[in-house]
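Chemist: Structure: work26.csv, CSV, N, CA and C atoms.
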```
chain,number,residue,atom,x,y,z
A,1,MET,N,0.8,-1.2,0.0
A,1,MET,CA,0.0,0.0,0.0
A,1,MET,C,0.9,1.2,0.0
A,2,ASN,N,0.4,2.3,-0.6
A,2,ASN,CA,1.1,3.5,-0.8
A,2,ASN,C,0.3,4.6,0.0
A,3,PHE,N,1.1,5.4,0.8
A,3,PHE,CA,0.5,6.5,1.6
A,3,PHE,C,1.4,7.7,1.4
A,4,PRO,N,1.2,8.5,0.4
A,4,PRO,CA,2.0,9.7,0.2
A,4,PRO,C,2.0,10.6,1.4
A,5,ALA,N,3.3,11.0,1.9
A,5,ALA,CA,3.4,11.8,3.1
A,5,ALA,C,2.8,13.2,3.0
A,6,GLU,N,2.7,13.8,1.8
A,6,GLU,CA,2.2,15.1,1.7
A,6,GLU,C,0.7,15.2,1.8
A,7,LEU,N,0.0,14.1,1.9
A,7,LEU,CA,-1.5,14.1,2.0
A,7,LEU,C,-1.9,13.9,3.4
A,8,LYS,N,-3.2,14.2,3.7
A,8,LYS,CA,-3.8,13.9,4.9
A,8,LYS,C,-4.9,12.9,4.6
A,9,TYR,N,-5.3,12.1,5.7
A,9,TYR,CA,-6.2,11.0,5.5
A,9,TYR,C,-7.3,11.0,6.5
A,10,SER,N,-8.5,10.4,6.1
A,10,SER,CA,-9.6,10.3,7.0
A,10,SER,C,-9.8,8.9,7.4
A,11,LYS,N,-10.6,8.7,8.5
A,11,LYS,CA,-10.9,7.3,8.9
A,11,LYS,C,-11.8,6.6,8.0
A,12,SER,N,-12.5,7.3,7.1
A,12,SER,CA,-13.4,6.7,6.1
A,12,SER,C,-12.6,6.5,4.8
A,13,HIS,N,-11.3,6.6,4.8
A,13,HIS,CA,-10.4,6.2,3.7
A,13,HIS,C,-10.4,7.2,2.4
A,14,GLU,N,-10.6,8.5,2.7
A,14,GLU,CA,-10.4,9.5,1.7
A,14,GLU,C,-9.0,10.2,2.0
A,15,TRP,N,-8.5,10.7,0.9
A,15,TRP,CA,-7.3,11.6,1.1
A,15,TRP,C,-7.6,13.0,0.8
A,16,VAL,N,-6.8,13.9,1.3
A,16,VAL,CA,-6.9,15.3,1.2
A,16,VAL,C,-5.6,15.9,0.8
A,17,LYS,N,-5.5,16.7,-0.3
A,17,LYS,CA,-4.3,17.4,-0.6
A,17,LYS,C,-4.6,18.9,-0.4
A,18,MET,N,-4.0,19.4,0.6
A,18,MET,CA,-4.2,20.9,0.9
A,18,MET,C,-3.5,21.7,-0.1
A,19,LEU,N,-4.2,22.7,-0.7
A,19,LEU,CA,-3.7,23.6,-1.6
A,19,LEU,C,-3.4,25.0,-0.9
A,20,SER,N,-2.8,25.9,-1.6
A,20,SER,CA,-2.3,27.1,-0.9
A,20,SER,C,-3.5,28.1,-0.7
A,21,ASP,N,-4.6,27.9,-1.2
A,21,ASP,CA,-5.6,29.0,-1.2
A,21,ASP,C,-6.9,28.6,-0.4
A,22,ASN,N,-6.7,27.9,0.7
A,22,ASN,CA,-7.9,27.4,1.5
A,22,ASN,C,-8.8,26.5,0.7
A,23,SER,N,-8.1,25.8,-0.2
A,23,SER,CA,-8.9,24.7,-0.9
A,23,SER,C,-8.1,23.4,-0.9
A,24,ALA,N,-8.7,22.4,-1.3
A,24,ALA,CA,-8.1,21.1,-1.3
A,24,ALA,C,-8.6,20.1,-2.3
A,25,LEU,N,-7.8,19.2,-2.7
A,25,LEU,CA,-8.3,18.1,-3.6
A,25,LEU,C,-8.7,16.9,-2.7
A,26,VAL,N,-9.7,16.2,-3.1
A,26,VAL,CA,-10.2,15.0,-2.3
A,26,VAL,C,-10.3,13.8,-3.2
A,27,GLY,N,-9.8,12.7,-2.7
A,27,GLY,CA,-10.0,11.4,-3.5
A,27,GLY,C,-10.1,10.3,-2.5
A,28,ILE,N,-10.0,9.1,-3.1
A,28,ILE,CA,-10.1,7.9,-2.2
A,28,ILE,C,-8.7,7.3,-2.1
A,29,THR,N,-8.4,6.6,-1.0
A,29,THR,CA,-7.0,6.1,-0.8
A,29,THR,C,-6.8,4.8,-1.6
A,30,ASP,N,-5.6,4.4,-1.6
A,30,ASP,CA,-5.2,3.1,-2.2
A,30,ASP,C,-5.9,2.0,-1.5
A,31,PHE,N,-5.9,2.1,-0.2
A,31,PHE,CA,-6.6,1.1,0.6
A,31,PHE,C,-8.1,1.0,0.2
A,32,ALA,N,-8.7,2.1,0.1
A,32,ALA,CA,-10.2,2.1,-0.3
A,32,ALA,C,-10.4,1.5,-1.6
A,33,GLN,N,-9.6,1.9,-2.6
A,33,GLN,CA,-9.8,1.3,-4.0
A,33,GLN,C,-9.6,-0.2,-4.0
A,34,SER,N,-8.6,-0.7,-3.2
A,34,SER,CA,-8.3,-2.1,-3.2
A,34,SER,C,-9.5,-2.9,-2.5
A,35,GLU,N,-10.1,-2.3,-1.5
A,35,GLU,CA,-11.2,-2.9,-0.8
A,35,GLU,C,-12.5,-2.9,-1.7
A,36,LEU,N,-12.7,-1.8,-2.5
A,36,LEU,CA,-13.8,-1.7,-3.3
A,36,LEU,C,-13.8,-2.7,-4.5
A,37,GLY,N,-12.6,-2.9,-5.1
A,37,GLY,CA,-12.5,-3.7,-6.3
A,37,GLY,C,-12.6,-2.8,-7.5
A,38,ASP,N,-12.7,-3.4,-8.7
A,38,ASP,CA,-12.7,-2.7,-9.9
A,38,ASP,C,-13.9,-1.7,-10.0
A,39,LEU,N,-13.6,-0.4,-10.1
A,39,LEU,CA,-14.7,0.6,-10.2
A,39,LEU,C,-15.1,0.8,-11.6
A,40,VAL,N,-16.5,0.8,-11.8
A,40,VAL,CA,-17.1,0.9,-13.1
A,40,VAL,C,-17.9,2.1,-13.3
A,41,PHE,N,-18.2,2.9,-12.2
A,41,PHE,CA,-19.0,4.1,-12.3
A,41,PHE,C,-18.8,5.0,-11.1
A,42,ILE,N,-18.9,6.3,-11.4
A,42,ILE,CA,-18.8,7.3,-10.3
A,42,ILE,C,-20.0,8.3,-10.5
A,43,ASN,N,-20.6,8.6,-9.4
A,43,ASN,CA,-21.7,9.6,-9.4
A,43,ASN,C,-21.0,10.8,-8.7
A,44,LEU,N,-20.6,11.8,-9.5
A,44,LEU,CA,-19.8,12.9,-9.0
A,44,LEU,C,-20.7,14.0,-8.4
A,45,PRO,N,-20.2,14.7,-7.4
A,45,PRO,CA,-20.9,15.9,-6.9
A,45,PRO,C,-21.0,17.0,-8.0
A,46,VAL,N,-21.6,18.1,-7.8
A,46,VAL,CA,-21.7,19.2,-8.8
A,46,VAL,C,-21.0,20.4,-8.2
A,47,ALA,N,-20.3,21.1,-9.0
A,47,ALA,CA,-19.7,22.4,-8.6
A,47,ALA,C,-20.8,23.3,-8.0
A,48,GLY,N,-20.4,23.8,-6.8
A,48,GLY,CA,-21.4,24.7,-6.1
A,48,GLY,C,-22.0,23.9,-5.0
A,49,ASP,N,-22.0,22.6,-5.0
A,49,ASP,CA,-22.6,21.8,-3.8
A,49,ASP,C,-21.8,22.1,-2.6
A,50,SER,N,-22.6,22.3,-1.5
A,50,SER,CA,-22.0,22.3,-0.2
A,50,SER,C,-21.8,20.9,0.3
A,51,ILE,N,-20.6,20.6,0.9
A,51,ILE,CA,-20.4,19.2,1.4
A,51,ILE,C,-20.1,19.4,2.9
A,52,THR,N,-20.4,18.3,3.7
A,52,THR,CA,-20.2,18.4,5.1
A,52,THR,C,-19.4,17.2,5.5
A,53,LYS,N,-18.4,17.4,6.4
A,53,LYS,CA,-17.6,16.4,6.9
A,53,LYS,C,-18.5,15.2,7.5
A,54,GLU,N,-18.0,14.0,7.2
A,54,GLU,CA,-18.6,12.8,7.6
A,54,GLU,C,-20.0,12.5,7.0
A,55,GLU,N,-20.3,13.2,5.9
A,55,GLU,CA,-21.5,12.9,5.1
A,55,GLU,C,-21.1,12.5,3.7
A,56,SER,N,-21.9,11.7,3.0
A,56,SER,CA,-21.6,11.3,1.7
A,56,SER,C,-21.7,12.5,0.7
A,57,PHE,N,-20.7,12.6,-0.2
A,57,PHE,CA,-20.7,13.6,-1.2
A,57,PHE,C,-20.7,13.1,-2.6
A,58,CYS,N,-20.5,11.8,-2.8
A,58,CYS,CA,-20.6,11.1,-4.1
A,58,CYS,C,-20.7,9.6,-3.8
A,59,ASP,N,-20.8,8.8,-4.8
A,59,ASP,CA,-20.7,7.4,-4.7
A,59,ASP,C,-20.0,6.8,-5.8
A,60,VAL,N,-19.5,5.6,-5.6
A,60,VAL,CA,-18.7,4.8,-6.6
A,60,VAL,C,-19.4,3.5,-6.7
A,61,GLU,N,-19.4,2.9,-7.9
A,61,GLU,CA,-19.9,1.6,-8.1
A,61,GLU,C,-18.8,0.7,-8.6
A,62,SER,N,-18.7,-0.4,-7.9
A,62,SER,CA,-17.7,-1.4,-8.3
A,62,SER,C,-18.4,-2.6,-8.8
A,63,VAL,N,-17.6,-3.6,-9.2
A,63,VAL,CA,-18.3,-4.9,-9.6
A,63,VAL,C,-18.9,-5.6,-8.4
A,64,LYS,N,-18.6,-5.1,-7.2
A,64,LYS,CA,-19.1,-5.7,-6.0
A,64,LYS,C,-20.4,-5.0,-5.4
A,65,ALA,N,-20.3,-3.7,-5.4
A,65,ALA,CA,-21.4,-2.9,-4.7
A,65,ALA,C,-21.3,-1.4,-5.1
A,66,VAL,N,-22.3,-0.7,-4.6
A,66,VAL,CA,-22.2,0.8,-4.7
A,66,VAL,C,-21.8,1.3,-3.3
A,67,SER,N,-20.9,2.2,-3.2
A,67,SER,CA,-20.4,2.6,-1.9
A,67,SER,C,-20.4,4.2,-1.9
A,68,ASP,N,-20.8,4.7,-0.7
A,68,ASP,CA,-20.7,6.2,-0.6
A,68,ASP,C,-19.2,6.6,-0.4
A,69,VAL,N,-18.9,7.8,-0.9
A,69,VAL,CA,-17.6,8.4,-0.6
A,69,VAL,C,-18.0,9.5,0.4
A,70,ILE,N,-17.3,9.4,1.6
A,70,ILE,CA,-17.6,10.3,2.7
A,70,ILE,C,-16.7,11.5,2.7
A,71,SER,N,-17.3,12.7,2.9
A,71,SER,CA,-16.4,13.9,2.9
A,71,SER,C,-15.5,13.9,4.1
A,72,PRO,N,-14.2,14.1,3.9
A,72,PRO,CA,-13.3,14.2,5.0
A,72,PRO,C,-13.2,15.7,5.6
A,73,LEU,N,-14.0,16.6,5.0
A,73,LEU,CA,-14.0,18.0,5.5
A,73,LEU,C,-15.3,18.7,5.0
A,74,THR,N,-15.4,19.9,5.5
A,74,THR,CA,-16.6,20.7,5.1
A,74,THR,C,-16.2,21.8,4.2
A,75,GLY,N,-17.0,22.1,3.2
A,75,GLY,CA,-16.7,23.1,2.2
A,75,GLY,C,-17.6,23.2,1.1
A,76,VAL,N,-17.2,23.8,0.0
A,76,VAL,CA,-18.0,23.9,-1.2
A,76,VAL,C,-17.2,23.3,-2.4
A,77,VAL,N,-17.9,22.5,-3.2
A,77,VAL,CA,-17.2,21.9,-4.4
A,77,VAL,C,-17.0,23.0,-5.4
A,78,ALA,N,-15.7,23.2,-5.7
A,78,ALA,CA,-15.4,24.2,-6.7
A,78,ALA,C,-15.3,23.6,-8.1
A,79,GLU,N,-14.9,22.3,-8.2
A,79,GLU,CA,-14.6,21.7,-9.5
A,79,GLU,C,-14.6,20.2,-9.2
A,80,VAL,N,-15.0,19.4,-10.3
A,80,VAL,CA,-15.0,18.0,-10.2
A,80,VAL,C,-14.1,17.5,-11.3
A,81,ASN,N,-13.6,16.3,-11.1
A,81,ASN,CA,-12.7,15.7,-12.1
A,81,ASN,C,-13.6,14.9,-13.1
A,82,GLU,N,-14.0,15.6,-14.1
A,82,GLU,CA,-14.9,15.0,-15.1
A,82,GLU,C,-14.3,13.8,-15.9
A,83,GLU,N,-13.0,13.7,-15.9
A,83,GLU,CA,-12.4,12.5,-16.6
A,83,GLU,C,-12.8,11.2,-16.0
A,84,LEU,N,-13.2,11.3,-14.7
A,84,LEU,CA,-13.7,10.0,-14.0
A,84,LEU,C,-15.0,9.5,-14.6
A,85,MET,N,-15.8,10.4,-15.2
A,85,MET,CA,-17.1,10.0,-15.7
A,85,MET,C,-16.8,8.9,-16.8
A,86,ASP,N,-15.8,9.1,-17.6
A,86,ASP,CA,-15.6,8.2,-18.7
A,86,ASP,C,-14.5,7.1,-18.3
A,87,ALA,N,-13.8,7.3,-17.2
A,87,ALA,CA,-12.7,6.4,-16.8
A,87,ALA,C,-12.7,6.3,-15.3
A,88,PRO,N,-13.7,5.7,-14.7
A,88,PRO,CA,-13.7,5.6,-13.2
A,88,PRO,C,-12.5,4.6,-12.8
A,89,GLN,N,-12.0,3.8,-13.7
A,89,GLN,CA,-10.9,2.9,-13.3
A,89,GLN,C,-9.7,3.7,-12.9
A,90,MET,N,-9.6,5.0,-13.3
A,90,MET,CA,-8.5,5.8,-12.9
A,90,MET,C,-8.3,5.8,-11.4
A,91,LEU,N,-9.4,5.6,-10.6
A,91,LEU,CA,-9.4,5.6,-9.2
A,91,LEU,C,-8.7,4.3,-8.7
A,92,ASN,N,-8.7,3.2,-9.5
A,92,ASN,CA,-8.0,2.0,-9.1
A,92,ASN,C,-6.6,2.1,-9.6
A,93,GLU,N,-6.4,2.7,-10.8
A,93,GLU,CA,-5.0,2.7,-11.4
A,93,GLU,C,-4.1,3.6,-10.7
A,94,SER,N,-4.5,4.8,-10.3
A,94,SER,CA,-3.7,5.8,-9.7
A,94,SER,C,-4.5,6.6,-8.7
A,95,PRO,N,-4.9,6.1,-7.6
A,95,PRO,CA,-5.8,6.7,-6.6
A,95,PRO,C,-5.3,8.1,-6.1
A,96,TYR,N,-4.0,8.3,-6.1
A,96,TYR,CA,-3.6,9.6,-5.6
A,96,TYR,C,-3.4,10.7,-6.7
A,97,GLU,N,-3.6,10.3,-7.9
A,97,GLU,CA,-3.7,11.3,-9.0
A,97,GLU,C,-5.1,11.6,-9.4
A,98,ALA,N,-6.0,10.6,-9.2
A,98,ALA,CA,-7.3,10.7,-9.7
A,98,ALA,C,-8.2,11.3,-8.6
A,99,TRP,N,-8.1,12.6,-8.4
A,99,TRP,CA,-8.9,13.3,-7.4
A,99,TRP,C,-10.3,13.4,-7.9
A,100,ILE,N,-11.2,13.4,-6.9
A,100,ILE,CA,-12.7,13.5,-7.2
A,100,ILE,C,-13.2,14.9,-7.3
A,101,ALA,N,-12.8,15.7,-6.3
A,101,ALA,CA,-13.3,17.1,-6.3
A,101,ALA,C,-12.3,18.0,-5.7
A,102,LYS,N,-12.4,19.3,-6.2
A,102,LYS,CA,-11.6,20.4,-5.5
A,102,LYS,C,-12.6,21.1,-4.7
A,103,VAL,N,-12.3,21.3,-3.4
A,103,VAL,CA,-13.2,21.9,-2.4
A,103,VAL,C,-12.6,23.2,-1.9
A,104,GLU,N,-13.4,24.2,-1.8
A,104,GLU,CA,-13.0,25.5,-1.4
A,104,GLU,C,-13.7,25.9,0.0
A,105,ASP,N,-13.2,26.9,0.6
A,105,ASP,CA,-13.8,27.4,1.9
A,105,ASP,C,-13.8,26.3,2.9
A,106,ILE,N,-12.7,25.6,3.0
A,106,ILE,CA,-12.7,24.3,3.8
A,106,ILE,C,-12.6,24.6,5.3
A,107,THR,N,-13.3,23.8,6.1
A,107,THR,CA,-13.2,23.8,7.5
A,107,THR,C,-13.2,22.3,8.0
A,108,ASP,N,-13.2,22.1,9.3
A,108,ASP,CA,-13.3,20.7,9.9
A,108,ASP,C,-12.2,19.8,9.4
A,109,THR,N,-11.0,20.3,9.4
A,109,THR,CA,-9.9,19.4,9.0
A,109,THR,C,-9.1,18.9,10.2
A,110,GLU,N,-9.5,19.2,11.4
A,110,GLU,CA,-8.7,18.9,12.6
A,110,GLU,C,-8.4,17.4,12.8
A,111,GLU,N,-9.4,16.5,12.4
A,111,GLU,CA,-9.2,15.1,12.6
A,111,GLU,C,-8.5,14.3,11.5
A,112,LEU,N,-8.1,15.0,10.5
A,112,LEU,CA,-7.3,14.3,9.4
A,112,LEU,C,-6.0,13.8,10.0
A,113,MET,N,-5.6,12.6,9.5
A,113,MET,CA,-4.4,12.0,9.9
A,113,MET,C,-3.2,12.2,8.9
A,114,ASP,N,-2.0,12.2,9.4
A,114,ASP,CA,-0.9,12.1,8.5
A,114,ASP,C,-0.7,10.7,8.0
A,115,ALA,N,0.3,10.5,7.1
A,115,ALA,CA,0.4,9.2,6.5
A,115,ALA,C,0.7,8.1,7.5
A,116,ALA,N,1.6,8.4,8.5
A,116,ALA,CA,2.0,7.4,9.5
A,116,ALA,C,0.8,7.0,10.3
A,117,ALA,N,0.0,7.9,10.8
A,117,ALA,CA,-1.2,7.7,11.6
A,117,ALA,C,-2.2,6.9,10.8
A,118,TYR,N,-2.4,7.2,9.5
A,118,TYR,CA,-3.3,6.5,8.7
A,118,TYR,C,-2.9,5.0,8.5
A,119,GLU,N,-1.6,4.8,8.2
A,119,GLU,CA,-1.1,3.5,8.0
A,119,GLU,C,-1.3,2.6,9.3
A,120,ALA,N,-1.1,3.2,10.4
A,120,ALA,CA,-1.3,2.6,11.7
A,120,ALA,C,-2.8,2.3,11.9
A,121,PHE,N,-3.6,3.2,11.5
A,121,PHE,CA,-5.1,3.0,11.6
A,121,PHE,C,-5.6,1.8,10.8
A,122,ILE,N,-5.2,1.7,9.6
A,122,ILE,CA,-5.7,0.6,8.8
A,122,ILE,C,-5.1,-0.8,9.2
A,123,GLN,N,-4.0,-0.8,9.9
A,123,GLN,CA,-3.4,-2.0,10.4
A,123,GLN,C,-4.1,-2.5,11.7
A,124,GLN,N,-4.9,-1.7,12.3
A,124,GLN,CA,-5.6,-2.2,13.5
A,124,GLN,C,-6.6,-3.3,13.2
```
Written as structure tokens, that's how I'd like the structure from this file.
Modeler:
Amino acid sequence: MNFPAELKYSKSHEWVKMLSDNSALVGITDFAQSELGDLVFINLPVAGDSITKEESFCDVESVKAVSDVISPLTGVVAEVNEELMDAPQMLNESPYEAWIAKVEDITDTEELMDAAAYEAFIQQ
């Protein structure tokens, strides 16, 4: 498993890449995509949507099931990665490059873990 040190992680297996302008990119972790299996569809949020920490902001469909993606922070969706509509498998192939949404006006980031804490968390 891969856990890039520059990212923050949630207990629901999303990653957050903090950007310099009080915004962040959000995606699912390598652990999450491996547990989900081959992803075949994603239902993306819409730019302008408000999202709330610990609530679903989109869902992904794998060959196994449909699973909610839980927001690791609170904010407003500024942009979505539309490439995922035609190629949801990007989340399996490169989970840390295939971001789902760019979120602005972010709050509620206090409980995010660094890479070492996240790795310890999933090994429990």
Chemist: From the set A:Ile28, A:Val69, A:Met18, A:Leu39, which residue has the shortest atom-to-atom contact distance to Tyr96 in chain A, counting all atoms listed in the file?
Modeler: A:Ile28
Chemist: Quick one: everything within 6 Å of Ser56 in chain A, counting only C-alpha atoms, minus sequence neighbours fewer than 6 positions away in the same chain. Send it as a list of chain:residue names.
Modeler: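 The filter keeps A:Asp68, A:Val69, A:Ile70, A:Ser71.
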Chemist: Considering all atoms listed in the file, can you say which of A:Phe57, A:Phe121, A:Leu7, A:Ala32 comes closest to Leu44 in chain A?
Modeler: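 Looking only at the distances to Leu44 in chain A, the closest residue turns out to be A:Phe57.
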Chemist: Enumerate as a PyMOL selection string all residues of chain A assigned to strand (DSSP E) by DSSP on the backbone, naming them with the chain letters and numbers the document uses.
Modeler: chain A and resi 8-9+14-18+23-28+39-43+50-51+56-62+66-70+74-80+101-107
Chemist: Quick one: residues within 8 Å of (-16.5, 22.7, 7.0) (file frame), counting only N, CA and C atoms, please, as a PyMOL selection string.
Modeler: chain A and resi 51-53+72-76+105-109
Chemist: In Å, with one decimal, what is the gap from CA of Glu93 in chain A to atom C of His13 in chain A?
Modeler: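 Value for the CA of Glu93 in chain A-atom C of His13 in chain A distance: 15.5 Å.
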Chemist: Counting only C-alpha atoms, figure out which residue out of A:Leu91, A:Ala47, A:Ala5, A:Val40 gets nearest to Val63 in chain A.
Modeler: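 With only C-alpha atoms as the atom set, the closest residue is A:Val40.
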Chemist: Work out how far atom N of Glu111 in chain A is from atom C of Asn43 in chain A, in Å to one decimal.
Modeler: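 About the pair atom C of Asn43 in chain A and atom N of Glu111 in chain A: they are 24.7 Å apart.
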Chemist: Leaving out Asn92 in chain A and any residue of its chain fewer than 6 positions from it, which residues lie within 8 Å of it when counting only C-alpha atoms, given as a list in words?
Modeler: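 Counting only C-alpha atoms, the residues come to Asp30, Gln33, Ser34, Gly37, Asp38 and Leu39 of chain A.
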Chemist: Between A:Phe41, A:Gly27, A:Pro4, A:Ala117, single out the one closest to Asp86 in chain A, counting all atoms listed in the file.
Modeler: A:Phe41
Chemist: So that I can check the surroundings of Leu25 in chain A, please list as an MDAnalysis selection string every protein, DNA and RNA residue that reaches within 6.5 Å of it, counting all atoms listed in the file and ignoring chain neighbours fewer than 6 positions away.
Modeler: chainID A and resid 15:19 99:103
Chemist: I'd like the contact shell of Val66 in chain A - 9 Å cut-off, only C-alpha atoms, skipping same-chain residues fewer than 5 positions apart - returned as a ChimeraX atom specification.
Modeler: /A:36,41,59-61
Chemist: Smallest atom-to-atom distance to Glu14 in chain A: which of A:Val46, A:Val26, A:Ala87, A:Val77, using all atoms listed in the file?
Modeler: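 When distances to Glu14 in chain A are compared using all atoms listed in the file, the smallest one comes from A:Val26.
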Chemist: Select from range 16-112 of chain A everything DSSP, run on the backbone, classes as alpha helix (DSSP H), then give the selection as a list in words.
Modeler: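 Matching residues for alpha helix (DSSP H) in range 16-112 of chain A are Asp30, Phe31, Ala32, Gln33, Ser34, Glu35, Leu36, Glu83, Leu84, Met85, Asp86, Met90, Leu91, Asn92 and Glu93 of chain A.
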Chemist: To one decimal in Å, tell me the separation between atom C of Glu110 in chain A and atom C of Ala65 in chain A.
Modeler: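 Rounded to one decimal, the two atoms are 29.0 Å apart.
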Chemist: For a quick check of understanding, using all atoms listed in the file, which of A:Ser94, A:Ser20, A:Ser67, A:Ser10 has the smallest distance to Tyr118 in chain A?
Modeler: A:Ser10
